[in-house]
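Asker: I am sharing protein-v8.cif, which consists of mmCIF, C-alpha atoms:
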```
data_final
#
loop_
_atom_site.label_atom_id
_atom_site.label_comp_id
_atom_site.auth_asym_id
_atom_site.auth_seq_id
_atom_site.Cartn_x
_atom_site.Cartn_y
_atom_site.Cartn_z
CA MET A 14 -20.11 -4.75 -0.96
CA THR A 15 -23.23 -2.90 0.22
CA SER A 16 -25.71 -2.27 -2.58
CA PRO A 17 -25.12 1.15 -4.14
CA PRO A 18 -27.62 2.80 -6.52
CA ALA A 19 -27.66 1.08 -9.91
CA ARG A 20 -26.68 4.30 -11.68
CA SER A 21 -23.62 4.80 -9.44
CA LEU A 22 -22.65 1.17 -9.90
CA ALA A 23 -22.91 1.41 -13.67
CA ARG A 24 -20.96 4.68 -13.71
CA GLY A 25 -18.19 3.24 -11.51
CA LEU A 26 -17.87 0.12 -13.65
CA ALA A 27 -17.85 2.13 -16.88
CA VAL A 28 -15.12 4.47 -15.62
CA GLY A 29 -13.09 1.52 -14.34
CA VAL A 30 -13.26 -0.25 -17.71
CA VAL A 31 -12.21 2.90 -19.57
CA VAL A 32 -9.26 3.45 -17.23
CA TRP A 33 -8.21 -0.20 -17.45
CA VAL A 34 -8.27 -0.21 -21.26
CA GLY A 35 -6.53 3.17 -21.45
CA LEU A 36 -3.66 2.19 -19.17
CA ALA A 37 -3.30 -1.18 -20.91
CA LEU A 38 -3.03 0.54 -24.31
CA LEU A 39 -0.33 2.81 -22.86
CA HIS A 40 1.49 -0.31 -21.59
CA LEU A 41 1.60 1.07 -18.04
CA PRO A 42 1.98 -1.47 -15.21
CA SER A 43 -0.96 -2.75 -13.12
CA PRO A 44 -3.85 -1.24 -15.13
CA SER A 45 -6.43 -3.27 -13.18
CA LEU A 46 -5.15 -1.79 -9.90
CA PHE A 47 -5.70 1.79 -11.01
CA ALA A 48 -9.00 0.86 -12.70
CA GLY A 49 -10.30 -0.55 -9.40
CA LEU A 50 -9.17 2.53 -7.52
CA THR A 51 -10.96 4.88 -9.93
CA ALA A 52 -14.12 2.78 -10.05
CA GLY A 53 -14.22 2.54 -6.25
CA ALA A 54 -13.85 6.29 -5.79
CA VAL A 55 -16.57 7.05 -8.37
CA LEU A 56 -18.83 4.50 -6.70
CA ALA A 57 -18.23 5.87 -3.20
CA LEU A 58 -18.74 9.51 -4.19
CA GLY A 59 -21.99 8.63 -5.95
CA SER A 60 -23.49 6.54 -3.14
CA PRO A 61 -25.33 7.80 -0.03
CA GLN A 62 -23.73 5.03 2.05
CA ALA A 63 -20.11 3.91 1.95
CA PRO A 64 -19.77 0.78 -0.20
CA ARG A 65 -17.84 -2.07 1.40
CA LEU A 66 -16.01 -4.95 -0.17
CA PRO A 67 -16.65 -8.42 1.28
CA ARG A 68 -13.90 -9.24 3.76
CA TRP A 69 -13.09 -12.50 2.00
CA SER A 70 -12.33 -10.72 -1.29
CA VAL A 71 -9.84 -8.37 0.39
CA VAL A 72 -8.11 -11.22 2.23
CA LEU A 73 -7.93 -13.34 -0.93
CA ALA A 74 -6.52 -10.43 -2.93
CA GLN A 75 -3.82 -9.77 -0.35
CA ALA A 76 -2.99 -13.48 -0.21
CA LEU A 77 -2.61 -13.63 -4.00
CA VAL A 78 -0.28 -10.63 -3.95
CA GLY A 79 1.76 -12.48 -1.31
CA VAL A 80 2.00 -15.52 -3.59
CA THR A 81 3.16 -13.43 -6.55
CA ILE A 82 5.95 -12.01 -4.39
CA GLY A 83 6.88 -15.39 -2.92
CA GLU A 84 7.29 -16.94 -6.35
CA THR A 85 9.97 -14.35 -7.19
CA VAL A 86 12.13 -15.02 -4.11
CA THR A 87 15.72 -15.86 -4.95
CA LEU A 88 18.76 -16.56 -2.81
CA SER A 89 20.69 -13.78 -4.56
CA ALA A 90 18.02 -11.20 -3.61
CA LEU A 91 18.05 -12.34 0.01
CA ARG A 92 21.83 -12.04 0.10
CA GLN A 93 21.59 -8.53 -1.35
CA ILE A 94 19.16 -7.47 1.40
CA ALA A 95 21.37 -8.94 4.10
CA ALA A 96 24.37 -7.08 2.72
CA ASP A 97 22.49 -3.76 2.51
CA TRP A 98 20.76 -3.84 5.90
CA PRO A 99 22.49 -0.70 7.31
CA SER A 100 21.25 1.37 4.35
CA VAL A 101 17.75 -0.11 4.69
CA VAL A 102 17.63 0.86 8.38
CA VAL A 103 18.77 4.43 7.63
CA VAL A 104 16.16 4.85 4.88
CA THR A 105 13.42 3.43 7.13
CA VAL A 106 14.25 5.82 9.97
CA ALA A 107 14.48 8.78 7.58
CA THR A 108 11.06 7.99 6.07
CA LEU A 109 9.44 7.77 9.50
CA LEU A 110 11.00 11.04 10.66
CA LEU A 111 9.87 12.84 7.50
CA SER A 112 6.30 11.59 7.87
CA LEU A 113 6.11 12.53 11.57
CA LEU A 114 7.57 15.97 10.80
CA GLY A 115 4.75 16.38 8.30
CA GLY A 116 2.27 15.56 11.06
CA VAL A 117 3.74 18.22 13.36
CA ILE A 118 3.53 20.81 10.56
CA LEU A 119 -0.08 19.86 9.83
CA ALA A 120 -1.01 20.23 13.51
CA ARG A 121 0.65 23.66 13.55
CA LEU A 122 -1.18 24.86 10.45
CA HIS A 123 -4.69 23.73 11.48
CA PRO A 124 -6.69 23.47 14.73
CA ILE A 125 -6.22 19.75 15.24
CA SER A 126 -4.50 17.83 18.01
CA LEU A 127 -0.92 16.67 17.68
CA ALA A 128 -2.18 13.08 17.81
CA THR A 129 -4.42 13.71 14.80
CA GLY A 130 -1.57 15.34 12.88
CA LEU A 131 1.01 12.64 13.64
CA PHE A 132 -1.24 9.68 12.93
CA SER A 133 -2.62 11.34 9.79
CA MET A 134 0.84 11.58 8.25
CA ALA A 135 2.47 8.38 9.58
CA ALA A 136 3.71 6.47 6.53
CA GLY A 137 2.59 2.88 6.82
CA GLY A 138 -0.30 0.60 7.78
CA ALA A 139 -3.24 2.90 7.02
CA SER A 140 -5.88 0.63 8.57
CA GLY A 141 -3.79 -0.11 11.67
CA ILE A 142 -2.88 3.53 12.21
CA THR A 143 -6.54 4.53 11.91
CA SER A 144 -7.53 2.08 14.64
CA VAL A 145 -4.72 3.30 16.90
CA ALA A 146 -5.82 6.89 16.31
CA GLU A 147 -9.34 6.05 17.45
CA GLU A 148 -7.99 4.60 20.69
CA LEU A 149 -6.04 7.81 21.27
CA GLY A 150 -9.14 9.94 20.82
CA ALA A 151 -7.82 11.58 17.64
CA ASP A 152 -10.24 12.58 14.87
CA ALA A 153 -10.54 9.23 13.13
CA ARG A 154 -12.21 10.77 10.05
CA VAL A 155 -9.29 13.13 9.48
CA VAL A 156 -6.73 10.40 10.12
CA SER A 157 -8.54 7.97 7.83
CA ILE A 158 -8.98 10.34 4.90
CA LEU A 159 -5.40 11.64 5.02
CA GLN A 160 -4.00 8.13 5.39
CA TYR A 161 -5.94 6.95 2.38
CA LEU A 162 -5.18 10.16 0.51
CA ARG A 163 -1.52 9.17 0.83
CA VAL A 164 -2.33 5.68 -0.44
CA LEU A 165 -4.39 7.22 -3.27
CA LEU A 166 -1.51 9.45 -4.36
CA VAL A 167 0.83 6.47 -4.27
CA LEU A 168 -1.53 4.50 -6.50
CA VAL A 169 -2.16 7.44 -8.84
CA THR A 170 1.53 8.19 -9.32
CA LEU A 171 2.76 4.60 -9.49
CA PRO A 172 1.77 3.79 -13.09
CA LEU A 173 2.82 7.24 -14.30
CA VAL A 174 6.22 7.41 -12.56
CA VAL A 175 7.05 3.75 -13.15
CA GLY A 176 5.96 3.82 -16.77
CA LEU A 177 7.27 7.23 -17.82
CA VAL A 178 10.45 7.49 -15.73
CA PHE A 179 11.70 3.91 -15.48
CA HIS A 180 10.22 2.39 -18.69
CA PRO A 181 9.92 -1.13 -17.23
CA GLN A 182 9.42 -4.28 -19.23
CA THR A 183 5.88 -4.96 -17.98
CA GLY A 184 4.80 -8.54 -17.57
CA GLN A 185 8.21 -9.62 -16.27
CA GLY A 186 6.79 -10.41 -12.85
CA ALA A 187 3.95 -12.61 -11.77
CA GLY A 188 1.61 -13.79 -14.42
CA ALA A 189 4.17 -13.36 -17.19
CA ALA A 190 4.32 -16.98 -18.10
CA SER A 191 3.20 -18.04 -21.52
CA GLY A 192 -0.04 -19.73 -22.26
CA ALA A 193 -2.85 -19.75 -19.71
CA GLY A 194 -0.57 -19.05 -16.77
CA GLY A 195 1.50 -22.20 -16.59
CA ALA A 196 5.24 -22.09 -16.68
CA ASP A 197 5.43 -23.80 -20.08
CA GLY A 198 1.98 -23.05 -21.47
CA SER A 199 0.97 -26.73 -21.32
CA CYS A 200 -2.03 -28.07 -19.47
CA GLY A 201 0.34 -29.73 -16.99
CA GLY A 202 2.19 -26.49 -16.34
CA TRP A 203 -1.12 -24.65 -15.90
CA LEU A 204 -2.42 -27.22 -13.40
CA THR A 205 0.89 -27.17 -11.51
CA SER A 206 0.69 -23.37 -11.23
CA LEU A 207 -2.88 -23.56 -9.94
CA ALA A 208 -1.83 -26.18 -7.38
CA PHE A 209 1.08 -23.95 -6.33
CA VAL A 210 -1.30 -21.00 -5.82
CA ALA A 211 -3.89 -23.10 -3.98
CA VAL A 212 -1.34 -24.61 -1.56
CA SER A 213 0.35 -21.26 -0.96
CA VAL A 214 -2.92 -19.41 -0.31
CA GLY A 215 -4.49 -22.19 1.77
CA ALA A 216 -1.48 -22.90 3.97
CA GLY A 217 -0.53 -19.22 4.17
CA LEU A 218 -3.97 -18.12 5.35
CA LEU A 219 -3.96 -20.93 7.90
CA VAL A 220 -0.72 -19.45 9.28
CA ALA A 221 -2.37 -16.02 9.22
CA ARG A 222 -5.23 -17.28 11.41
CA LEU A 223 -2.71 -18.44 14.02
CA VAL A 224 -0.83 -15.11 14.07
CA PRO A 225 -3.05 -12.16 15.09
CA VAL A 226 -1.31 -9.61 12.82
CA SER A 227 -3.26 -8.18 9.88
CA THR A 228 -0.30 -8.18 7.45
CA PHE A 229 0.05 -11.96 7.83
CA THR A 230 -2.70 -12.33 5.22
CA LEU A 231 0.12 -11.37 2.87
CA ILE A 232 3.15 -12.64 4.79
CA GLY A 233 1.73 -16.15 5.33
CA PRO A 234 1.09 -16.94 1.63
CA LEU A 235 4.34 -15.18 0.73
CA ALA A 236 6.34 -17.37 3.09
CA VAL A 237 4.76 -20.58 1.80
CA ALA A 238 5.15 -19.57 -1.85
CA GLY A 239 8.74 -18.47 -1.22
CA GLY A 240 9.56 -21.76 0.46
CA LEU A 241 8.07 -23.76 -2.41
CA THR A 242 9.95 -21.64 -4.95
CA LEU A 243 13.31 -22.06 -3.22
CA TRP A 244 12.63 -25.79 -2.87
CA GLY A 245 11.93 -26.08 -6.61
CA GLY A 246 10.18 -29.44 -6.37
CA LEU A 247 7.17 -28.27 -8.39
CA GLY A 248 9.29 -26.92 -11.21
CA PRO A 249 8.79 -23.43 -12.68
CA THR A 250 5.41 -22.01 -11.62
CA ARG A 251 3.63 -18.67 -12.08
CA THR A 252 0.37 -17.28 -10.74
CA PRO A 253 -2.11 -17.15 -13.66
CA THR A 254 -2.35 -13.65 -15.12
CA VAL A 255 -6.10 -13.41 -14.64
CA LEU A 256 -5.79 -14.08 -10.89
CA VAL A 257 -3.13 -11.39 -10.53
CA ALA A 258 -5.31 -8.88 -12.41
CA LEU A 259 -8.36 -9.67 -10.26
CA ALA A 260 -6.32 -9.37 -7.05
CA MET A 261 -5.02 -5.95 -8.04
CA LEU A 262 -8.53 -4.88 -9.05
CA ALA A 263 -9.82 -5.79 -5.58
CA ILE A 264 -6.96 -3.92 -3.88
CA GLY A 265 -7.70 -0.81 -5.93
CA LEU A 266 -11.39 -1.02 -5.08
CA GLN A 267 -10.58 -1.40 -1.38
CA VAL A 268 -8.79 1.97 -1.38
CA GLY A 269 -11.19 3.72 -3.74
CA VAL A 270 -14.34 3.06 -1.73
CA LYS A 271 -12.80 4.88 1.26
CA PHE A 272 -13.31 8.22 -0.51
CA THR A 273 -16.94 8.83 0.38
CA ARG A 274 -18.63 12.23 0.37
CA ASP A 275 -18.72 12.29 4.19
CA SER A 276 -15.02 11.47 4.52
CA VAL A 277 -14.00 14.10 1.96
CA ARG A 278 -16.30 16.67 3.60
CA ALA A 279 -14.89 15.88 7.05
CA ILE A 280 -11.41 17.19 6.32
CA GLY A 281 -12.62 20.44 4.71
CA ARG A 282 -9.87 23.01 4.91
CA LEU A 283 -7.26 20.41 5.83
CA LEU A 284 -7.25 19.00 2.31
CA PRO A 285 -4.92 21.52 0.58
CA ALA A 286 -2.26 21.40 3.32
CA GLY A 287 -2.60 17.63 3.66
CA LEU A 288 -2.27 17.19 -0.10
CA VAL A 289 0.86 19.35 -0.25
CA LEU A 290 2.48 17.55 2.69
CA VAL A 291 1.69 14.11 1.30
CA ALA A 292 3.01 15.11 -2.14
CA ALA A 293 6.18 16.47 -0.52
CA LEU A 294 6.60 13.18 1.36
CA LEU A 295 6.30 11.23 -1.90
CA VAL A 296 8.97 13.38 -3.55
CA LEU A 297 11.34 13.14 -0.57
CA CYS A 298 10.90 9.38 -0.38
CA GLY A 299 11.66 9.20 -4.10
CA LEU A 300 14.91 11.02 -3.39
CA LEU A 301 15.65 8.53 -0.61
CA GLY A 302 15.11 5.76 -3.14
CA TRP A 303 17.62 7.39 -5.49
CA VAL A 304 20.16 7.66 -2.67
CA LEU A 305 19.56 4.02 -1.71
CA SER A 306 20.16 2.97 -5.32
CA ARG A 307 23.42 4.93 -5.54
CA VAL A 308 24.70 3.53 -2.23
CA THR A 309 23.72 -0.11 -2.72
CA GLY A 310 23.84 -0.56 -6.50
CA VAL A 311 20.27 -1.91 -6.57
CA ASP A 312 18.36 -0.78 -9.67
CA PRO A 313 16.51 2.56 -9.28
CA LEU A 314 13.04 1.14 -10.03
CA THR A 315 13.36 -1.37 -7.18
CA THR A 316 14.60 1.23 -4.67
CA TYR A 317 11.91 3.72 -5.75
CA LEU A 318 9.18 1.16 -5.07
CA ALA A 319 10.92 0.08 -1.86
CA THR A 320 10.88 3.62 -0.43
CA THR A 321 7.37 4.59 -1.61
CA PRO A 322 5.57 5.76 1.56
CA GLY A 323 2.71 3.32 1.88
CA GLY A 324 0.32 1.37 -0.29
CA LEU A 325 2.15 -1.86 0.56
CA PHE A 326 -0.04 -4.30 -1.37
CA ALA A 327 -0.35 -1.99 -4.40
CA VAL A 328 3.40 -1.30 -4.50
CA LEU A 329 4.19 -5.01 -4.29
CA ALA A 330 1.69 -5.79 -7.02
CA THR A 331 3.35 -3.15 -9.23
CA ALA A 332 6.81 -4.55 -8.43
CA THR A 333 5.83 -8.03 -9.58
CA ASP A 334 4.35 -6.61 -12.79
CA SER A 335 7.17 -4.22 -13.73
CA GLY A 336 10.30 -6.34 -13.54
CA ALA A 337 11.51 -4.88 -10.22
CA GLU A 338 12.85 -7.11 -7.41
CA PRO A 339 9.76 -7.79 -5.25
CA THR A 340 11.73 -9.50 -2.48
CA TYR A 341 13.86 -6.39 -1.92
CA VAL A 342 10.82 -4.07 -2.18
CA PHE A 343 8.94 -6.16 0.36
CA ALA A 344 11.85 -6.24 2.81
CA VAL A 345 12.23 -2.45 2.88
CA GLN A 346 8.47 -1.83 2.99
CA LEU A 347 8.01 -4.41 5.75
CA ALA A 348 10.85 -2.87 7.78
CA ARG A 349 9.06 0.48 7.77
CA LEU A 350 5.67 -1.09 8.50
CA LEU A 351 7.03 -3.00 11.50
CA ALA A 352 8.84 0.10 12.71
CA ILE A 353 5.70 2.26 12.67
CA LEU A 354 3.65 -0.46 14.35
CA ALA A 355 6.32 -0.83 17.04
CA LEU A 356 6.56 2.94 17.44
CA ALA A 357 2.80 3.45 17.76
CA PRO A 358 2.47 2.32 21.43
CA LEU A 359 5.45 4.48 22.46
CA LEU A 360 4.03 7.44 20.55
CA ALA A 361 0.64 6.85 22.18
CA ARG A 362 2.19 6.87 25.64
CA TRP A 363 4.10 10.07 24.87
CA LEU A 364 0.98 11.78 23.54
CA ARG A 365 -1.05 10.82 26.62
CA ALA A 366 1.66 12.30 28.83
CA ARG A 367 1.55 15.57 26.86
CA ARG A 368 -2.24 15.97 26.80
CA PRO A 369 -3.85 18.32 26.26
CA TRP A 370 -1.75 19.63 23.34
CA ARG A 371 -3.26 22.64 21.70
CA HIS A 372 -2.59 24.60 18.57
CA PRO A 373 -1.21 28.02 19.60
CA GLY A 374 -4.00 30.54 19.89
CA ARG A 375 -6.71 28.16 18.68
CA ARG A 376 -9.09 25.70 20.17
CA ALA A 377 -8.03 22.20 19.15
CA ARG A 378 -10.38 19.48 18.15
CA ALA A 379 -9.76 15.85 18.97
#
```
Represent the structure of the file as structure tokens.
Answerer:
Amino acid sequence: MTSPPARSLARGLAVGVVVWVGLALLHLPSPSLFAGLTAGAVLALGSPQAPRLPRWSVVLAQALVGVTIGETVTLSALRQIAADWPSVVVVTVATLLLSLLGGVILARLHPISLATGLFSMAAGGASGITSVAEELGADARVVSILQYLRVLLVLVTLPLVVGLVFHPQTGQGAGAASGAGGADGSCGGWLTSLAFVAVSVGAGLLVARLVPVSTFTLIGPLAVAGGLTLWGGLGPTRTPTVLVALAMLAIGLQVGVKFTRDSVRAIGRLLPAGLVLVAALLVLCGLLGWVLSRVTGVDPLTTYLATTPGGLFAVLATATDSGAEPTYVFAVQLARLLAILALAPLLARWLRARRPWRHPGRRARA
């Protein structure tokens, strides 16, 4: 991370610790995730230059989240997903249409291009969508801040909605094993769990280097961990609690440091409309999750997390910590992510054919 002023650093750390302790005392899931988010935002808003996390810390955090999901993979969950695939497809399409409709509305309400509106509201792959927006000539600052505003709202509401509405048994997911993180609390179980994590992260990141897709920093370790879990040769293993907490802390920081003074200032009058549209998208996706639960019989907490519009790594971390079914959550979230990434080139081609698109009666900015 770039060196921020000592006062801003101290303030960010202090706020993060307070938030972490407060959420832990309330027994809300993933307190370190929200603590990192808050600390990162305080740090970014108090620094003249945008702080940046070291790339290796972000990659390692994503890999660890992948391992915690992989260790929960079961054959019964995979069968459930295969049986429910028509409902998953319908929910994925509905989420994408709702998010793109929000982009059209935003472009109608403010003097921005249609490209800026659509890519600002697209639900999934915030970093990838931002890079695509830049190639299209859209206002990357607006796209970036609204994309990460959506992720911020997801992270802010996750512990509250999950804790107050669903009342999960926290600690049922990754890191819930007794003792120091081993499956049986013994030194042997602890060492086996560490070996499981090391092999999953190492082999998974090697796969990720061979596949030029950013999400493979999660998918690679997940696949290796899932394969080892289904094999069962290592016995019961769990990612040590401290590693899970540090991974979620890093993910929260990664999002929080995006909210710099320049990025917040850049969207100006767009913020109220963008906030309302993003909030509406969260509510509508929550309703889709309820419908998915009623149709498929999957528990409501799992379908709520599965249909949350974005914040993939944070949502998966929460799923592993709240007793939800991470495999199902990941499948639905990944389906939407792949759909938006596949749709992006087609949308780009359509937008180029329509250029220049202008807000009625106003001069549009890129």
Asker: Could you check which of A:Pro99, A:Gly53, A:Gly35, A:Gly29 is closest to Leu266 in chain A, using only C-alpha atoms?
Answerer: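 Of the candidates, the smallest distance to Leu266 in chain A is held by A:Gly53.
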Asker: Compare A:Leu127, A:Ala293, A:Val78, A:Ala263 by their minimum atom-to-atom distance to Ala151 in chain A, counting only C-alpha atoms, and give me the closest one.
Answerer: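 Counting only C-alpha atoms, the residue closest to Ala151 in chain A is A:Leu127.
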Asker: Identify which of the residues A:Val167, A:Ala76, A:Leu39, A:Leu283 lies closest to Leu119 in chain A, counting all atoms listed in the file when measuring atom-to-atom distances.
Answerer: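 Under the stated criterion, the closest residue is A:Leu283.
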Asker: Check which residues satisfy the PyMOL selection byres ((chain A and resi 273-277) around 12) in the file shown, then give them as a PyMOL selection string.
Answerer: chain A and resi 53-65+152-162+268-272+278-285
Asker: Name the residues that the PyMOL selection byres ((chain A and resi 340) around 8) picks from the file above, as an NGL selection string, using the file's chain letters and numbers.
Answerer: :A and (82-83 or 85-87 or 90-91 or 338-339 or 341-344)
Asker: For CA of Thr170 in chain A and CA of Val328 in chain A, quote the distance in Å rounded to one decimal.
Answerer: 10.8 Å
Asker: When the PyMOL selection byres ((chain A and resi 247) around 10) is applied to the file above, which residues end up in the set, as a ChimeraX atom specification?
Answerer: /A:202,205-206,208-209,241-242,244-246,248-250
Asker: Which residue, A:Ala128, A:Ala23, A:Gly217, A:Leu231, has the smallest gap to Val71 in chain A when you use all atoms listed in the file?
Answerer: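 So, comparing all the options, the nearest one is A:Leu231.
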Asker: I need the residue nearest Ala327 in chain A from this list: A:Gly115, A:Gly233, A:Pro44, A:Gly25. Use all atoms listed in the file for the distance.
Answerer: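 Of all the options, A:Pro44 lies closest to Ala327 in chain A.
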Asker: Neighbours of Thr320 in chain A within 8 Å (all atoms listed in the file; same-chain residues fewer than 6 positions away dropped), as a PyMOL selection string?
Answerer: chain A and resi 104-105+108+298-299+301-302+342+345-346
Asker: Using all atoms listed in the file, which residue out of A:Ile264, A:Val308, A:Leu110, A:Val210 lies closest to Arg68 in chain A?
Answerer: A:Ile264
Asker: Box in all listed atoms of range 310-323 of chain A, axis-aligned, with 6 Å more on each side; write out centre and edge lengths in Å to one decimal as JSON.
Answerer:
```
{"center_x": 13.3, "center_y": 1.9, "center_z": -4.1, "size_x": 33.1, "size_y": 19.7, "size_z": 23.9}
```
Asker: Which distance in Å separates CA of Leu256 in chain A and CA of Thr316 in chain A, to one decimal?
Answerer: 26.2 Å
Asker: One number please: CA of Val289 in chain A to CA of Gly137 in chain A, in Å, one decimal.
Answerer: 18.0 Å
